[in-house]
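Note: the block below is data-v1.txt and it holds compact mmCIF, C-alpha atoms.
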```txt
# COMPACT_ATOMS: atom_id res chain seq x y z
CA MET A 13 17.59 23.67 29.59
CA ALA A 14 20.05 20.85 30.30
CA GLN A 15 21.48 19.09 27.28
CA LEU A 16 23.31 15.91 26.36
CA ILE A 17 26.44 17.06 24.55
CA LEU A 18 28.40 14.61 22.40
CA VAL A 19 32.01 15.34 21.43
CA ARG A 20 34.01 13.38 18.90
CA HIS A 21 37.57 12.76 20.05
CA GLY A 22 40.47 14.84 18.72
CA GLN A 23 42.51 13.71 15.74
CA ALA A 24 43.88 10.24 16.42
CA SER A 25 47.07 8.65 15.06
CA PHE A 26 45.64 7.41 11.77
CA GLY A 27 48.00 5.23 9.73
CA SER A 28 50.22 4.44 12.72
CA GLN A 29 50.61 1.23 14.71
CA HIS A 30 48.56 2.79 17.53
CA TYR A 31 45.50 4.60 16.19
CA ASP A 32 43.99 4.92 19.69
CA GLN A 33 46.25 7.82 20.65
CA LEU A 34 45.74 11.52 19.97
CA SER A 35 48.10 13.26 17.57
CA GLU A 36 49.61 16.59 18.54
CA ARG A 37 46.88 18.26 16.49
CA GLY A 38 44.30 16.21 18.39
CA TYR A 39 45.56 17.55 21.72
CA LEU A 40 45.36 21.10 20.35
CA GLN A 41 41.81 20.58 19.10
CA ALA A 42 40.74 19.39 22.55
CA GLN A 43 42.40 22.38 24.23
CA LEU A 44 40.71 24.79 21.81
CA LEU A 45 37.32 23.30 22.61
CA GLY A 46 37.96 23.77 26.33
CA GLN A 47 39.07 27.35 25.80
CA TRP A 48 35.95 28.05 23.73
CA TRP A 49 33.65 26.73 26.45
CA ASN A 50 35.59 28.75 29.01
CA GLN A 51 35.13 31.93 26.97
CA CYS A 52 31.41 31.19 26.71
CA GLN A 53 31.35 30.92 30.52
CA ARG A 54 29.75 27.51 30.26
CA PRO A 55 30.04 25.92 33.72
CA PRO A 56 31.66 22.50 33.98
CA ALA A 57 29.21 19.68 33.55
CA ALA A 58 29.14 15.99 34.34
CA ILE A 59 31.60 14.19 32.07
CA VAL A 60 31.31 10.71 30.59
CA THR A 61 33.89 9.06 28.34
CA GLY A 62 34.14 5.85 26.45
CA SER A 63 36.95 3.62 27.68
CA MET A 64 39.23 4.23 24.71
CA GLN A 65 42.46 6.15 25.20
CA ARG A 66 41.57 8.83 22.65
CA HIS A 67 38.32 9.53 24.53
CA HIS A 68 40.11 10.03 27.84
CA GLN A 69 42.88 12.14 26.32
CA THR A 70 40.39 14.44 24.61
CA ALA A 71 38.39 14.84 27.83
CA GLU A 72 41.50 15.54 29.92
CA HIS A 73 42.89 18.26 27.65
CA CYS A 74 39.49 19.82 27.04
CA ALA A 75 38.63 19.91 30.76
CA ALA A 76 42.00 21.38 31.74
CA ALA A 77 41.50 24.31 29.34
CA TRP A 78 37.80 24.57 30.15
CA SER A 79 37.82 24.73 33.91
CA GLY A 80 41.44 25.20 35.02
CA SER A 81 43.85 22.41 35.83
CA ALA A 82 43.03 22.19 39.56
CA HIS A 83 39.29 21.98 39.02
CA ALA A 84 39.78 19.67 36.03
CA ALA A 85 41.71 17.23 38.23
CA HIS A 86 38.85 17.25 40.75
CA LEU A 87 36.33 16.86 37.95
CA ALA A 88 38.32 13.94 36.52
CA SER A 89 37.91 12.05 39.78
CA GLU A 90 34.16 12.16 39.25
CA TRP A 91 34.12 11.20 35.58
CA GLN A 92 32.11 8.23 34.48
CA THR A 93 33.77 5.78 32.08
CA ASP A 94 31.30 3.71 30.10
CA SER A 95 32.46 1.31 27.39
CA ASP A 96 29.01 1.46 25.79
CA TRP A 97 30.30 4.73 24.27
CA ASN A 98 33.19 2.96 22.53
CA GLU A 99 33.56 2.89 18.76
CA PHE A 100 32.86 -0.21 16.65
CA HIS A 101 35.77 -2.56 15.87
CA HIS A 102 36.95 -0.77 12.74
CA HIS A 103 40.05 -2.92 12.22
CA GLU A 104 38.08 -6.16 12.31
CA ILE A 105 35.49 -4.74 9.92
CA LEU A 106 38.23 -3.77 7.45
CA VAL A 107 39.97 -7.14 7.69
CA ARG A 108 36.77 -9.12 7.17
CA HIS A 109 36.35 -7.20 3.92
CA MET A 110 40.02 -7.19 2.88
CA PRO A 111 42.21 -9.61 4.86
CA ALA A 112 45.46 -8.02 3.61
CA LEU A 113 44.66 -4.96 5.76
CA ASP A 114 45.44 -6.97 8.88
CA ASP A 115 48.97 -5.70 8.26
CA PRO A 116 49.07 -1.93 9.05
CA ALA A 117 51.75 -1.55 6.37
CA GLU A 118 49.10 -2.33 3.74
CA SER A 119 46.96 0.60 4.89
CA ARG A 120 50.00 2.88 4.88
CA ALA A 121 50.84 1.74 1.35
CA ILE A 122 47.34 2.62 0.17
CA LEU A 123 47.50 6.03 1.85
CA ALA A 124 50.89 6.71 0.23
CA GLN A 125 49.41 6.40 -3.25
CA PRO A 126 48.14 9.43 -5.19
CA ASP A 127 44.63 10.11 -3.92
CA GLY A 128 45.27 7.45 -1.30
CA MET A 129 42.76 8.79 1.24
CA ARG A 130 39.94 8.64 -1.29
CA THR A 131 40.91 5.06 -2.15
CA PHE A 132 40.98 4.10 1.52
CA GLN A 133 37.61 5.74 2.11
CA GLY A 134 36.13 3.66 -0.70
CA ILE A 135 37.51 0.46 0.82
CA PHE A 136 36.33 1.38 4.30
CA THR A 137 32.85 2.33 3.07
CA ALA A 138 32.53 -1.03 1.30
CA ALA A 139 33.71 -2.79 4.48
CA MET A 140 31.12 -0.92 6.55
CA GLU A 141 28.34 -1.71 4.10
CA ARG A 142 29.29 -5.40 4.32
CA TRP A 143 29.14 -5.20 8.12
CA ILE A 144 25.78 -3.41 8.20
CA ALA A 145 24.13 -5.62 5.58
CA ALA A 146 25.88 -8.93 6.37
CA PRO A 147 23.43 -11.84 6.56
CA GLU A 148 26.03 -13.76 8.58
CA GLN A 149 26.56 -11.39 11.48
CA HIS A 150 28.52 -14.00 13.43
CA ASP A 151 31.48 -13.11 11.18
CA TYR A 152 32.04 -10.20 13.57
CA THR A 153 32.85 -9.87 17.28
CA GLU A 154 30.08 -7.25 17.44
CA SER A 155 27.43 -7.20 14.75
CA TRP A 156 25.81 -4.02 13.45
CA PRO A 157 22.52 -4.75 15.32
CA ALA A 158 24.47 -5.37 18.54
CA PHE A 159 26.50 -2.17 18.11
CA ARG A 160 23.37 -0.14 17.41
CA GLN A 161 21.64 -1.63 20.46
CA ARG A 162 24.67 -0.83 22.64
CA VAL A 163 24.72 2.79 21.44
CA GLN A 164 20.97 3.15 21.99
CA GLN A 165 21.41 1.77 25.51
CA ALA A 166 24.16 4.33 26.23
CA LEU A 167 22.01 7.12 24.80
CA MET A 168 18.99 6.29 26.93
CA LYS A 169 21.15 5.95 30.05
CA GLN A 170 22.60 9.45 29.62
CA ILE A 171 19.26 10.98 28.69
CA ARG A 172 17.92 9.74 32.04
CA GLN A 173 20.96 11.21 33.81
CA VAL A 174 20.38 14.62 32.21
CA GLN A 175 16.69 14.55 33.04
CA GLN A 176 17.23 13.47 36.65
CA SER A 177 20.14 15.82 37.41
CA GLY A 178 18.95 18.84 35.46
CA GLN A 179 22.52 19.53 34.34
CA ASP A 180 24.40 19.09 31.10
CA VAL A 181 26.24 15.84 30.51
CA VAL A 182 29.20 15.91 28.12
CA VAL A 183 30.16 12.60 26.50
CA PHE A 184 33.51 12.14 24.76
CA THR A 185 33.10 9.40 22.18
CA SER A 186 33.67 8.55 18.50
CA ALA A 187 32.24 9.39 15.08
CA GLY A 188 30.52 6.04 14.57
CA VAL A 189 28.68 6.35 17.87
CA ILE A 190 27.50 9.89 17.16
CA THR A 191 26.46 8.96 13.62
CA THR A 192 24.51 5.98 14.95
CA ILE A 193 22.66 8.25 17.38
CA ALA A 194 21.80 10.53 14.46
CA GLN A 195 20.59 7.48 12.53
CA ILE A 196 18.42 6.41 15.47
CA LEU A 197 16.90 9.86 16.02
CA LEU A 198 16.55 10.91 12.37
CA GLU A 199 15.64 7.44 11.10
CA PHE A 200 17.68 7.55 7.92
CA PRO A 201 18.57 4.19 6.28
CA PRO A 202 21.48 2.40 7.96
CA LEU A 203 23.35 2.04 4.67
CA HIS A 204 23.54 5.87 4.50
CA PHE A 205 25.57 5.74 7.70
CA MET A 206 28.95 6.46 6.08
CA ARG A 207 27.68 9.55 4.22
CA LEU A 208 27.39 11.32 7.56
CA SER A 209 30.23 9.56 9.34
CA TRP A 210 32.90 10.79 6.90
CA SER A 211 31.89 14.39 7.64
CA MET A 212 32.28 14.14 11.42
CA VAL A 213 35.02 16.58 12.46
CA ASN A 214 37.46 15.84 15.26
CA THR A 215 36.17 17.54 18.43
CA GLY A 216 32.92 18.33 16.62
CA VAL A 217 30.07 19.03 19.08
CA THR A 218 26.55 17.63 18.78
CA CYS A 219 23.83 18.76 21.20
CA LEU A 220 20.63 16.94 22.08
CA ASN A 221 17.50 18.35 23.69
CA THR A 222 16.46 15.61 26.11
CA ALA A 223 13.00 17.05 26.75
CA PRO A 224 11.47 17.13 23.26
CA SER A 225 7.96 18.40 22.71
CA ASP A 226 7.13 15.18 20.86
CA PRO A 227 6.85 12.46 23.54
CA SER A 228 7.50 9.76 20.93
CA LEU A 229 11.11 10.97 20.58
CA PRO A 230 13.77 10.26 23.22
CA ALA A 231 15.67 13.41 22.22
CA VAL A 232 16.02 15.95 19.42
CA ILE A 233 19.27 17.00 17.76
CA THR A 234 19.59 20.77 18.13
CA SER A 235 23.09 21.05 16.61
CA LEU A 236 25.26 18.56 14.79
CA ASN A 237 29.04 18.43 14.27
CA GLN A 238 29.68 22.07 15.26
CA VAL A 239 33.29 23.35 15.47
CA PRO A 240 33.25 27.10 16.29
CA HIS A 241 36.37 26.60 18.43
CA LEU A 242 38.28 25.49 15.31
CA GLU A 243 36.69 27.86 12.81
CA LEU A 244 37.63 30.82 15.03
CA LYS A 245 41.31 30.11 14.33
CA ASN A 246 40.83 30.30 10.55
CA GLN A 247 43.38 27.50 10.09
CA PRO A 248 42.06 24.88 7.65
CA ASP A 249 44.52 22.25 8.89
CA LEU A 250 42.67 22.17 12.23
CA ILE A 251 39.62 20.65 10.49
CA THR A 252 40.33 16.92 10.42
CA PHE A 253 38.24 13.78 10.13
CA VAL A 254 40.19 10.79 11.58
```
What does the file become when written as structure tokens?
Amino acid sequence: MAQLILVRHGQASFGSQHYDQLSERGYLQAQLLGQWWNQCQRPPAAIVTGSMQRHHQTAEHCAAAWSGSAHAAHLASEWQTDSDWNEFHHHEILVRHMPALDDPAESRAILAQPDGMRTFQGIFTAAMERWIAAPEQHDYTESWPAFRQRVQQALMKQIRQVQQSGQDVVVFTSAGVITTIAQILLEFPPLHFMRLSWSMVNTGVTCLNTAPSDPSLPAVITSLNQVPHLELKNQPDLITFV
């Protein structure tokens, strides 16, 4: 049965001037995913990426290891790029909550403190809750309702592609997008969004059955945030969340 497969990008360059760029570990994570799919003899599928650099880089390195560089290059020419799969504007959301964070040095200073990541997570969670619950959504370039609608639109578009083609579609996207799809399909409260989002592993794989037995559902999650390609290596530092 054909599936819609969602992949979170590899580890990005968190804390740097250019977050939207894979780290060396991020490239490795993408390659390991491709090697895993190759070992499973999973044939190449249609590929869709968001328009962010980290989405494209993850797809390129995964596909090269998955299907061989020559075939990956051919496959790349047929990729679909769809900005509806892009992440929310995380920097703007942070700055609306804490204007000092407009300077990347402030984030780095927080992260340099003892238990700095936990402190940053608390700030970011509060910023996200403000965004989701904000009565004045015009504070943001893209409001939470608009982001959720965009993600739902992307989801339904790819579900139709899977159903019409009868083949898997692999989408390389971001944690917030995948978490929003889970929120839509599982109907948990929006303010619980960050509880799941923080657990989304780089290059984690989520699979959707696009032909559910319940006609009221657009799709059913059959696996969420799976990383067998990383667990196989038994190297804890490969499990990352940024």
**Request:** Check the smallest atom-to-atom distance from each of A:Trp78, A:Tyr31, A:Trp91, A:Trp143 to Ala158 of chain A using only C-alpha atoms, then report the winner.
**Result:**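 For Ala158 of chain A, the nearest of the given residues is A:Trp143.
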**Request:** Return the single residue from A:Ile171, A:Ala24, A:Leu236, A:Met64 that is closest to Phe100 of chain A, with distances computed using only C-alpha atoms.
**Result:**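 Answer, going by the shortest atom-to-atom distance: A:Met64.
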**Prompt:** What gap, in Å, lies between atom CA of Ile190 of chain A and atom CA of Ile135 of chain A?
**Reply:**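 That distance, rounded to one decimal, is 21.4 Å.
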**Asked** With all atoms listed in the file as the atoms that count, which of A:Thr215, A:Gln41, A:Thr185, A:Gln133 lies nearest to Thr93 of chain A?
**Response**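 Answer, going by the shortest atom-to-atom distance: A:Thr185.
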**Asked** What gap, in Å, lies between atom CA of Thr153 of chain A and atom CA of Arg108 of chain A?
**Response**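 Between these atoms lies a distance of 10.9 Å.
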**Request:** Between atom CA of Ala117 of chain A and atom CA of Thr252 of chain A, measure the distance and give it in Å to one decimal.
**Result:**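 Result for atom CA of Ala117 of chain A versus atom CA of Thr252 of chain A: 22.1 Å, one decimal.
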Residue completion, segment 69-80 of chain A, all heavy atoms, as an mmCIF file, in the frame of the given file:
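Listing of out_24.cif after writing:
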```cif
data_model
loop_
_atom_site.group_PDB
_atom_site.id
_atom_site.type_symbol
_atom_site.label_atom_id
_atom_site.label_comp_id
_atom_site.auth_asym_id
_atom_site.auth_seq_id
_atom_site.Cartn_x
_atom_site.Cartn_y
_atom_site.Cartn_z
ATOM 1 N N GLN A 69 41.931 11.070 26.609
ATOM 2 C CA GLN A 69 42.880 12.140 26.320
ATOM 3 C C GLN A 69 42.173 13.411 25.879
ATOM 4 O O GLN A 69 42.547 14.516 26.278
ATOM 5 C CB GLN A 69 43.874 11.668 25.254
ATOM 6 C CG GLN A 69 44.813 10.581 25.736
ATOM 7 C CD GLN A 69 45.627 9.967 24.608
ATOM 8 O OE1 GLN A 69 45.274 10.070 23.429
ATOM 9 N NE2 GLN A 69 46.724 9.319 24.967
ATOM 10 N N THR A 70 41.146 13.266 25.048
ATOM 11 C CA THR A 70 40.390 14.440 24.610
ATOM 12 C C THR A 70 39.699 15.102 25.795
ATOM 13 O O THR A 70 39.741 16.336 25.955
ATOM 14 C CB THR A 70 39.343 14.035 23.547
ATOM 15 O OG1 THR A 70 39.991 13.375 22.464
ATOM 16 C CG2 THR A 70 38.608 15.262 23.015
ATOM 17 N N ALA A 71 39.079 14.296 26.649
ATOM 18 C CA ALA A 71 38.390 14.840 27.830
ATOM 19 C C ALA A 71 39.367 15.552 28.756
ATOM 20 O O ALA A 71 39.081 16.650 29.257
ATOM 21 C CB ALA A 71 37.672 13.712 28.571
ATOM 22 N N GLU A 72 40.524 14.952 28.998
ATOM 23 C CA GLU A 72 41.500 15.540 29.920
ATOM 24 C C GLU A 72 41.975 16.903 29.427
ATOM 25 O O GLU A 72 42.026 17.872 30.204
ATOM 26 C CB GLU A 72 42.699 14.594 30.067
ATOM 27 C CG GLU A 72 42.392 13.350 30.883
ATOM 28 C CD GLU A 72 43.487 12.312 30.771
ATOM 29 O OE1 GLU A 72 44.485 12.568 30.049
ATOM 30 O OE2 GLU A 72 43.343 11.239 31.388
ATOM 31 N N HIS A 73 42.341 17.000 28.165
ATOM 32 C CA HIS A 73 42.890 18.260 27.650
ATOM 33 C C HIS A 73 41.800 19.315 27.478
ATOM 34 O O HIS A 73 42.052 20.503 27.677
ATOM 35 C CB HIS A 73 43.636 18.011 26.342
ATOM 36 C CG HIS A 73 44.989 17.398 26.551
ATOM 37 N ND1 HIS A 73 45.157 16.083 26.912
ATOM 38 C CD2 HIS A 73 46.237 17.940 26.501
ATOM 39 C CE1 HIS A 73 46.442 15.834 27.061
ATOM 40 N NE2 HIS A 73 47.110 16.932 26.821
ATOM 41 N N CYS A 74 40.609 18.880 27.134
ATOM 42 C CA CYS A 74 39.490 19.820 27.040
ATOM 43 C C CYS A 74 39.153 20.366 28.428
ATOM 44 O O CYS A 74 39.024 21.589 28.614
ATOM 45 C CB CYS A 74 38.282 19.133 26.431
ATOM 46 S SG CYS A 74 36.809 20.173 26.338
ATOM 47 N N ALA A 75 39.030 19.482 29.419
ATOM 48 C CA ALA A 75 38.630 19.910 30.760
ATOM 49 C C ALA A 75 39.662 20.819 31.398
ATOM 50 O O ALA A 75 39.318 21.771 32.106
ATOM 51 C CB ALA A 75 38.382 18.686 31.644
ATOM 52 N N ALA A 76 40.953 20.555 31.156
ATOM 53 C CA ALA A 76 42.000 21.380 31.740
ATOM 54 C C ALA A 76 41.917 22.815 31.210
ATOM 55 O O ALA A 76 42.110 23.782 31.962
ATOM 56 C CB ALA A 76 43.372 20.790 31.440
ATOM 57 N N ALA A 77 41.623 22.971 29.932
ATOM 58 C CA ALA A 77 41.500 24.310 29.340
ATOM 59 C C ALA A 77 40.153 24.946 29.665
ATOM 60 O O ALA A 77 40.026 26.171 29.681
ATOM 61 C CB ALA A 77 41.687 24.217 27.824
ATOM 62 N N TRP A 78 39.170 24.114 29.930
ATOM 63 C CA TRP A 78 37.800 24.570 30.150
ATOM 64 C C TRP A 78 37.617 25.112 31.555
ATOM 65 O O TRP A 78 37.028 26.170 31.765
ATOM 66 C CB TRP A 78 36.893 23.381 29.901
ATOM 67 C CG TRP A 78 35.420 23.541 30.108
ATOM 68 C CD1 TRP A 78 34.702 24.690 30.264
ATOM 69 C CD2 TRP A 78 34.477 22.471 30.139
ATOM 70 N NE1 TRP A 78 33.372 24.409 30.403
ATOM 71 C CE2 TRP A 78 33.203 23.059 30.326
ATOM 72 C CE3 TRP A 78 34.579 21.097 30.036
ATOM 73 C CZ2 TRP A 78 32.043 22.280 30.409
ATOM 74 C CZ3 TRP A 78 33.426 20.337 30.114
ATOM 75 C CH2 TRP A 78 32.172 20.928 30.297
ATOM 76 N N SER A 79 38.160 24.393 32.533
ATOM 77 C CA SER A 79 37.820 24.730 33.910
ATOM 78 C C SER A 79 39.031 24.986 34.798
ATOM 79 O O SER A 79 38.882 25.177 35.998
ATOM 80 C CB SER A 79 37.004 23.572 34.510
ATOM 81 O OG SER A 79 37.701 22.348 34.383
ATOM 82 N N GLY A 80 40.244 25.013 34.212
ATOM 83 C CA GLY A 80 41.440 25.200 35.020
ATOM 84 C C GLY A 80 41.965 23.867 35.509
ATOM 85 O O GLY A 80 41.182 22.969 35.837
#
```
